[in-house]
file structure28.tsv (TSV, C-alpha atoms)
chain	number	residue	atom	x	y	z
A	1	SER	CA	-17.29	132.14	14.57
A	2	ARG	CA	-16.49	129.19	12.33
A	3	LEU	CA	-13.59	127.14	11.06
A	4	PRO	CA	-13.75	127.04	7.24
A	5	MET	CA	-13.07	123.64	5.66
A	6	ALA	CA	-10.30	125.16	3.58
A	7	SER	CA	-8.43	126.28	6.70
A	8	MET	CA	-8.20	122.60	7.71
A	9	MET	CA	-6.24	121.77	4.58
A	10	LYS	CA	-2.95	122.69	3.04
A	11	GLY	CA	-3.15	124.70	-0.15
A	12	ALA	CA	-6.28	126.52	0.98
A	13	GLY	CA	-6.50	128.57	-2.18
A	14	ALA	CA	-6.60	125.52	-4.40
A	15	VAL	CA	-9.11	123.76	-2.16
A	16	ALA	CA	-11.44	126.74	-2.24
A	17	ARG	CA	-11.70	126.35	-5.99
A	18	MET	CA	-12.58	122.63	-5.81
A	19	SER	CA	-16.11	121.36	-6.24
A	20	GLY	CA	-17.88	120.50	-2.99
A	21	LEU	CA	-17.52	116.73	-3.50
A	22	VAL	CA	-13.84	116.82	-4.33
A	23	ALA	CA	-13.16	119.15	-1.40
A	24	LEU	CA	-14.80	116.70	0.99
A	25	LEU	CA	-12.79	113.78	-0.38
A	26	SER	CA	-9.59	115.79	-0.24
A	27	ILE	CA	-9.71	115.97	3.55
A	28	GLY	CA	-8.31	112.46	3.59
A	29	PHE	CA	-5.28	113.47	1.53
A	30	PHE	CA	-4.40	116.46	3.69
A	31	TYR	CA	-4.63	114.51	6.90
A	32	GLY	CA	-2.22	112.01	5.36
A	33	TYR	CA	-4.62	109.06	5.64
A	34	SER	CA	-5.59	108.48	2.02
A	35	LYS	CA	-3.30	107.33	-0.76
A	36	ASP	CA	-5.87	107.85	-3.51
A	37	ILE	CA	-9.57	107.61	-2.75
A	38	ARG	CA	-10.39	108.00	-6.43
A	39	GLY	CA	-8.78	104.63	-7.08
A	40	THR	CA	-10.66	102.72	-4.40
A	41	GLY	CA	-14.24	102.86	-5.63
A	42	LEU	CA	-15.17	105.23	-2.81
A	43	LEU	CA	-15.70	108.36	-4.88
A	44	GLY	CA	-19.48	107.84	-4.93
A	45	ALA	CA	-19.71	105.90	-1.68
A	46	GLU	CA	-22.70	106.34	0.60
A	47	PHE	CA	-22.76	105.14	4.20
A	48	SER	CA	-25.79	104.23	6.26
A	49	ALA	CA	-26.66	102.52	9.54
A	50	VAL	CA	-28.28	99.10	9.23
A	51	PRO	CA	-31.56	99.35	11.21
A	52	ASN	CA	-33.00	97.12	13.93
A	53	ILE	CA	-29.69	95.88	15.31
A	54	PHE	CA	-28.78	98.64	17.79
A	55	ASP	CA	-31.21	101.01	19.53
A	56	HIS	CA	-29.84	103.95	21.51
A	57	LYS	CA	-33.04	105.87	22.34
A	58	ALA	CA	-31.32	109.15	21.50
A	59	SER	CA	-33.90	111.89	21.91
A	60	SER	CA	-33.60	114.79	19.49
A	61	THR	CA	-34.69	117.16	22.26
A	62	ASP	CA	-32.47	115.83	25.04
A	63	SER	CA	-29.65	118.35	25.28
A	64	ASN	CA	-28.98	117.36	28.91
A	65	SER	CA	-27.51	114.01	27.83
A	66	PHE	CA	-24.07	115.67	27.73
A	67	PHE	CA	-23.83	115.58	31.55
A	68	ALA	CA	-25.83	112.38	32.06
A	69	THR	CA	-24.56	109.09	33.50
A	70	ALA	CA	-23.53	106.41	31.00
A	71	PRO	CA	-26.07	103.55	30.79
A	72	ASP	CA	-24.99	100.41	32.62
A	73	ASP	CA	-25.50	98.41	29.45
A	74	PRO	CA	-22.92	95.71	28.55
A	75	LYS	CA	-24.64	95.29	25.16
A	76	PHE	CA	-24.09	98.96	24.21
A	77	GLY	CA	-27.51	99.27	22.64
A	78	LEU	CA	-27.61	95.88	20.93
A	79	VAL	CA	-31.18	94.58	20.58
A	80	LEU	CA	-30.11	91.02	19.70
A	81	PRO	CA	-29.68	88.54	22.60
A	82	SER	CA	-25.88	88.64	22.47
A	83	PHE	CA	-22.91	89.64	20.35
A	84	ARG	CA	-22.75	86.08	19.04
A	85	GLU	CA	-26.03	86.69	17.22
A	86	LEU	CA	-24.60	89.98	16.01
A	87	HIS	CA	-21.62	88.16	14.50
A	88	GLU	CA	-23.98	85.70	12.80
A	89	LYS	CA	-25.99	88.61	11.39
A	90	VAL	CA	-22.88	90.39	10.12
A	91	THR	CA	-21.58	87.16	8.55
A	92	GLU	CA	-24.95	86.71	6.84
A	93	LEU	CA	-24.94	90.27	5.49
A	94	ARG	CA	-21.40	89.98	4.17
A	95	ALA	CA	-22.21	86.62	2.53
A	96	LYS	CA	-24.94	88.45	0.63
A	97	GLY	CA	-22.38	90.97	-0.64
A	98	GLU	CA	-23.18	93.74	1.84
A	99	ASN	CA	-20.08	95.78	2.70
A	100	VAL	CA	-20.65	96.21	6.43
A	101	LYS	CA	-18.56	96.96	9.51
A	102	VAL	CA	-19.45	97.20	13.20
A	103	ILE	CA	-18.31	100.41	14.87
A	104	TYR	CA	-18.60	101.19	18.57
A	105	LEU	CA	-18.43	104.91	19.32
A	106	LEU	CA	-16.95	105.57	22.75
A	107	ARG	CA	-17.15	109.02	24.28
A	108	HIS	CA	-14.30	109.81	26.65
A	109	ALA	CA	-14.90	109.83	30.39
A	110	GLU	CA	-15.08	113.08	32.34
A	111	GLY	CA	-12.14	115.42	31.90
A	112	TYR	CA	-11.16	118.26	34.19
A	113	HIS	CA	-12.49	120.68	31.54
A	114	ASN	CA	-15.94	119.02	31.81
A	115	GLU	CA	-15.82	119.51	35.56
A	116	ALA	CA	-14.89	123.16	35.10
A	117	GLU	CA	-17.61	123.75	32.51
A	118	LYS	CA	-20.24	122.36	34.87
A	119	ALA	CA	-18.94	124.59	37.66
A	120	VAL	CA	-19.04	127.69	35.43
A	121	ASN	CA	-22.58	126.83	34.31
A	122	ASP	CA	-22.54	129.68	31.79
A	123	LYS	CA	-22.02	128.75	28.14
A	124	GLU	CA	-21.15	132.30	27.06
A	125	HIS	CA	-18.52	132.68	29.78
A	126	TRP	CA	-17.11	129.21	29.07
A	127	PHE	CA	-16.67	129.81	25.35
A	128	GLY	CA	-15.67	133.44	25.73
A	129	VAL	CA	-13.34	133.41	28.73
A	130	GLU	CA	-12.78	130.34	30.92
A	131	GLY	CA	-12.61	127.70	28.19
A	132	LYS	CA	-9.83	129.60	26.42
A	133	LYS	CA	-7.38	129.32	29.31
A	134	GLU	CA	-4.14	127.46	28.72
A	135	LYS	CA	-4.62	125.21	31.73
A	136	TYR	CA	-7.21	123.20	29.79
A	137	LEU	CA	-4.85	122.34	26.92
A	138	ASP	CA	-5.63	118.80	25.68
A	139	ALA	CA	-7.56	118.21	28.89
A	140	ASP	CA	-7.00	114.83	30.54
A	141	LEU	CA	-9.36	112.83	32.77
A	142	ASN	CA	-10.12	113.94	36.30
A	143	ASP	CA	-10.69	111.55	39.21
A	144	ALA	CA	-14.35	111.11	38.26
A	145	GLY	CA	-13.28	110.27	34.70
A	146	ILE	CA	-10.82	107.65	35.93
A	147	ALA	CA	-13.61	106.06	37.98
A	148	GLN	CA	-15.99	106.14	34.97
A	149	SER	CA	-13.34	104.47	32.83
A	150	LYS	CA	-12.98	101.67	35.40
A	151	LEU	CA	-16.76	101.17	35.33
A	152	LEU	CA	-16.50	101.00	31.55
A	153	SER	CA	-13.88	98.27	31.98
A	154	GLU	CA	-16.35	96.31	34.11
A	155	ARG	CA	-19.04	96.68	31.43
A	156	LEU	CA	-16.57	95.52	28.80
A	157	ALA	CA	-15.82	92.43	30.91
A	158	ARG	CA	-19.54	91.61	30.95
A	159	ALA	CA	-19.71	92.32	27.22
A	160	ALA	CA	-16.87	89.86	26.65
A	161	ASP	CA	-19.00	87.14	28.25
A	162	LEU	CA	-21.69	88.00	25.71
A	163	GLY	CA	-19.24	87.59	22.83
A	164	LEU	CA	-18.21	91.18	22.04
A	165	ARG	CA	-15.56	91.30	19.29
A	166	VAL	CA	-13.09	94.14	18.78
A	167	GLU	CA	-10.39	93.82	16.14
A	168	HIS	CA	-8.91	97.29	16.29
A	169	LEU	CA	-9.01	100.41	18.43
A	170	LEU	CA	-9.06	103.78	16.71
A	171	THR	CA	-8.81	106.89	18.82
A	172	SER	CA	-8.84	110.64	18.75
A	173	PRO	CA	-5.28	111.76	19.56
A	174	LEU	CA	-6.51	113.86	22.49
A	175	ARG	CA	-5.48	112.57	25.91
A	176	ARG	CA	-8.92	112.11	27.47
A	177	ALA	CA	-10.12	109.85	24.64
A	178	VAL	CA	-6.95	107.75	24.62
A	179	ARG	CA	-6.85	107.30	28.39
A	180	THR	CA	-10.52	106.31	28.58
A	181	ALA	CA	-10.00	103.53	26.05
A	182	GLY	CA	-6.72	102.49	27.67
A	183	ILE	CA	-8.32	102.03	31.08
A	184	GLY	CA	-11.48	100.50	29.65
A	185	PHE	CA	-9.66	97.80	27.70
A	186	ASN	CA	-6.77	97.44	30.20
A	187	LEU	CA	-4.15	98.63	27.72
A	188	THR	CA	-2.25	101.04	29.96
A	189	ASP	CA	0.99	99.80	31.52
A	190	ASP	CA	-0.53	99.54	34.99
A	191	ARG	CA	-3.54	97.50	33.79
A	192	ARG	CA	-2.23	95.24	31.02
A	193	GLN	CA	-2.06	92.19	33.28
A	194	GLY	CA	-5.82	92.48	33.69
A	195	ALA	CA	-6.51	92.40	29.95
A	196	LEU	CA	-9.18	89.86	29.03
A	197	ASP	CA	-8.46	87.07	26.59
A	198	GLN	CA	-11.31	88.29	24.37
A	199	TYR	CA	-9.49	91.59	23.84
A	200	LYS	CA	-5.93	90.27	23.59
A	201	ALA	CA	-5.87	91.31	19.91
A	202	LEU	CA	-5.67	94.90	21.16
A	203	LEU	CA	-2.44	94.07	22.99
A	204	THR	CA	-0.74	92.62	19.91
A	205	LYS	CA	-1.13	95.73	17.76
A	206	LYS	CA	-1.10	99.38	18.64
A	207	ALA	CA	-4.22	101.51	18.64
A	208	THR	CA	-4.29	104.08	15.84
A	209	ALA	CA	-4.58	107.81	16.54
A	210	VAL	CA	-6.80	109.47	13.95
A	211	GLU	CA	-7.11	113.26	13.61
A	212	LEU	CA	-10.39	112.86	11.75
A	213	ALA	CA	-12.02	111.54	14.95
A	214	ARG	CA	-11.08	114.40	17.26
A	215	GLU	CA	-13.42	116.87	18.97
A	216	THR	CA	-14.81	120.06	17.45
A	217	ILE	CA	-11.75	122.05	16.39
A	218	GLY	CA	-11.00	125.61	17.48
A	219	GLN	CA	-11.37	128.24	20.24
A	220	LEU	CA	-11.45	125.99	23.31
A	221	THR	CA	-8.01	124.94	24.52
A	222	CYS	CA	-9.32	121.58	25.75
A	223	ASP	CA	-9.74	120.69	22.07
A	224	LYS	CA	-6.18	121.67	21.13
A	225	ARG	CA	-3.87	118.68	21.29
A	226	MET	CA	-0.36	118.33	22.64
A	227	THR	CA	2.50	117.62	20.26
A	228	ARG	CA	2.85	114.19	18.69
A	229	THR	CA	6.10	113.64	20.60
A	230	GLU	CA	4.46	114.38	23.97
A	231	LEU	CA	1.49	112.15	23.22
A	232	GLN	CA	3.58	109.26	21.93
A	233	LYS	CA	5.74	109.42	25.05
A	234	THR	CA	2.63	109.32	27.26
A	235	PHE	CA	0.80	106.56	25.38
A	236	SER	CA	3.35	104.06	24.08
A	237	TRP	CA	0.60	101.62	23.07
A	238	VAL	CA	-0.83	104.07	20.50
A	239	ASP	CA	0.52	104.67	16.99
A	240	TYR	CA	0.72	108.43	16.46
A	241	SER	CA	2.69	108.24	13.21
A	242	GLY	CA	-0.30	109.37	11.13
A	243	ILE	CA	-0.52	112.83	12.68
A	244	GLU	CA	1.70	115.89	12.39
A	245	GLU	CA	4.03	117.03	15.18
A	246	GLU	CA	2.17	120.27	15.89
A	247	ASP	CA	-1.57	120.85	16.00
A	248	THR	CA	-1.95	122.97	12.86
A	249	LEU	CA	-5.73	122.44	12.68
A	250	TRP	CA	-6.70	124.28	15.87
A	251	LYS	CA	-7.33	128.03	15.60
A	252	ALA	CA	-7.89	130.30	18.60
A	253	THR	CA	-10.47	132.51	16.87
A	254	GLU	CA	-12.42	130.00	14.77
A	255	ARG	CA	-14.57	127.01	15.66
A	256	GLU	CA	-15.68	124.20	13.40
A	257	THR	CA	-19.34	124.02	12.35
A	258	VAL	CA	-21.56	120.93	12.41
A	259	LYS	CA	-21.44	120.87	8.61
A	260	GLU	CA	-17.66	120.72	8.70
A	261	LYS	CA	-17.65	118.02	11.37
A	262	LYS	CA	-20.00	115.95	9.23
A	263	ALA	CA	-17.51	116.34	6.38
A	264	ARG	CA	-14.83	114.97	8.71
A	265	VAL	CA	-17.10	112.02	9.50
A	266	ARG	CA	-17.42	111.27	5.79
A	267	GLY	CA	-13.66	111.59	5.43
A	268	PHE	CA	-13.16	109.20	8.33
A	269	LEU	CA	-15.49	106.55	6.89
A	270	LYS	CA	-13.89	106.76	3.45
A	271	TRP	CA	-10.44	106.49	5.01
A	272	LEU	CA	-11.44	103.47	7.09
A	273	TRP	CA	-13.02	101.52	4.24
A	274	GLN	CA	-10.14	102.12	1.82
A	275	HIS	CA	-7.29	101.55	4.31
A	276	GLU	CA	-4.95	98.80	3.14
A	277	GLN	CA	-4.93	96.97	6.49
A	278	LEU	CA	-7.88	98.28	8.47
A	279	GLY	CA	-10.22	98.00	5.51
A	280	LYS	CA	-10.10	94.22	5.94
A	281	ASP	CA	-11.24	94.33	9.58
A	282	ILE	CA	-14.89	94.40	10.62
A	283	TYR	CA	-15.13	95.24	14.33
A	284	PHE	CA	-13.84	98.60	15.59
A	285	VAL	CA	-14.01	100.82	18.65
A	286	VAL	CA	-13.53	104.55	18.06
A	287	ALA	CA	-12.62	106.48	21.22
A	288	THR	CA	-13.74	110.01	20.55
A	289	HIS	CA	-15.85	112.96	21.72
A	290	SER	CA	-19.45	114.06	22.11
A	291	GLY	CA	-19.38	116.67	19.35
A	292	TRP	CA	-17.94	114.24	16.82
A	293	ILE	CA	-20.39	111.50	17.82
A	294	ASN	CA	-23.29	113.92	17.42
A	295	ALA	CA	-22.07	114.81	13.91
A	296	PHE	CA	-21.51	111.12	13.14
A	297	LEU	CA	-25.08	110.22	14.12
A	298	ARG	CA	-26.49	113.17	12.16
A	299	GLU	CA	-24.51	112.22	9.07
A	300	LEU	CA	-25.69	108.59	9.30
A	301	ARG	CA	-29.27	109.82	9.94
A	302	VAL	CA	-29.47	107.94	13.23
A	303	ILE	CA	-30.69	111.19	14.81
A	304	SER	CA	-32.31	114.19	13.16
A	305	ASP	CA	-30.04	116.78	11.61
A	306	ASP	CA	-31.03	119.36	14.22
A	307	SER	CA	-30.64	117.02	17.19
A	308	ARG	CA	-28.63	118.25	20.17
A	309	TRP	CA	-28.31	114.77	21.68
A	310	LYS	CA	-24.84	113.71	22.79
A	311	PRO	CA	-23.69	110.60	24.67
A	312	ALA	CA	-22.74	110.67	28.32
A	313	ASN	CA	-19.13	110.47	29.50
A	314	ALA	CA	-17.73	106.93	29.02
A	315	GLN	CA	-20.83	105.84	27.09
A	316	MET	CA	-20.22	103.36	24.26
A	317	MET	CA	-22.75	102.76	21.50
A	318	GLY	CA	-22.70	100.31	18.62
A	319	LEU	CA	-23.70	100.70	14.96
A	320	VAL	CA	-23.62	98.38	11.97
A	321	LEU	CA	-22.59	100.52	9.01
A	322	LYS	CA	-22.99	99.70	5.35
A	323	LYS	CA	-21.17	101.18	2.39
A	324	SER	CA	-22.98	101.34	-0.90
A	325	ASP	CA	-21.99	103.00	-4.17
A	326	ASP	CA	-24.08	105.45	-6.16
call {"tool": "encode", "arguments": {"input": "structure28.tsv", "output": "structure tokens"}}
result
Amino acid sequence: SRLPMASMMKGAGAVARMSGLVALLSIGFFYGYSKDIRGTGLLGAEFSAVPNIFDHKASSTDSNSFFATAPDDPKFGLVLPSFRELHEKVTELRAKGENVKVIYLLRHAEGYHNEAEKAVNDKEHWFGVEGKKEKYLDADLNDAGIAQSKLLSERLARAADLGLRVEHLLTSPLRRAVRTAGIGFNLTDDRRQGALDQYKALLTKKATAVELARETIGQLTCDKRMTRTELQKTFSWVDYSGIEEEDTLWKATERETVKEKKARVRGFLKWLWQHEQLGKDIYFVVATHSGWINAFLRELRVISDDSRWKPANAQMMGLVLKKSDD
């Protein structure tokens, strides 16, 4: 079953009558992230990955990557000697008028739903029975996921020595994504004293929860989020003001398609580039999920459109993205 795009928006009847392009752009309005995309020069925007800067060796046939171990790579796929050279390259591109940003996609560490899915080892049973149980609602990290997040923090410390820059953290509102980033960057209350100077900017402004960056929507309870109030109480260092109180997007009987996730990716990129404050920043981390990252990479043509490749738990991968207008 599938989650129609129109069901993700208010005024479904009106949306259904829109042209395909306008319907895709409208996703930003209905999530409450876009004031008016038509007035920002993004109506005909195209996004692409700048080649030969990051290399992730994502095999189009490797469907087992979902349960793999994250690479112990403090450069997160960067082929240049260090992030200092990356900054020089980005500065050079922007001086030439190229509208580029650097985005690091971070898949959450292992959640207790991942552990359960591996134990079930039956996709049909997981999607049809076990994965629908209420106990997996907005699944958080398990002990293995906490340990993976701490290893991520160690990689980020090594990356800091190589000059990694992060100006803002964007995150799926779901608990496992938020907690992975919080541990990794030492933003949680119990780890803030260990925050590195290179990432202190993340302590001076809250991370931003973004519905557009959440996991595949529908059917599985692990992908249904808690209320905004519950999440804000749990993660005080995250700004949840941009999402609704209740999860009105998740449907028990419908699941989002790859095509619809790719539309969300386009909506996310348009929202980011036109945002009044964030649009001025260059370096971002997006804490998110394997399904969304797969759709992101398909949409940016980093992997083939039929690729099943997904990053491992707690894997972070960098991309230099460019916006151009038709």
call {"tool": "closest_residue", "arguments": {"input": "structure28.tsv", "among": "A:Leu169, A:Gly182, A:Glu88, A:Gly218", "to": "Lys206 in chain A", "atoms": "all atoms listed in the file"}}
result
A:Leu169
call {"tool": "residues_around", "arguments": {"input": "structure28.tsv", "residues": "Lys280 in chain A", "least_positions_apart": "3", "cutoff": "12 Å", "atoms": "all atoms listed in the file", "output": "ChimeraX atom specification"}}
result
/A:99-101,167-168,272-277,283-284
call {"tool": "closest_residue", "arguments": {"input": "structure28.tsv", "among": "A:Leu321, A:Leu196, A:Ala209, A:Ile293", "to": "Trp309 in chain A", "atoms": "only C-alpha atoms"}}
result
A:Ile293
call {"tool": "closest_atom_pairs", "arguments": {"input": "structure28.tsv", "of": "range 191-304 of chain A", "to": "range 153-163 of chain A", "cutoff": "10 Å", "atoms": "all atoms listed in the file", "output": "Markdown table"}}
result
| residue | atom | partner | partner_atom | distance |
| --- | --- | --- | --- | --- |
| A:Ala195 | CA | A:Ala157 | CA | 9.4 |
| A:Leu196 | CA | A:Ala157 | CA | 7.4 |
| A:Asp197 | CA | A:Ala160 | CA | 8.9 |
| A:Gln198 | CA | A:Ala160 | CA | 6.2 |
| A:Tyr199 | CA | A:Ala160 | CA | 8.1 |
call {"tool": "closest_residue", "arguments": {"input": "structure28.tsv", "among": "A:Ala213, A:Leu105, A:Leu300, A:Leu151", "to": "Pro71 in chain A", "atoms": "all atoms listed in the file"}}
result
A:Leu151
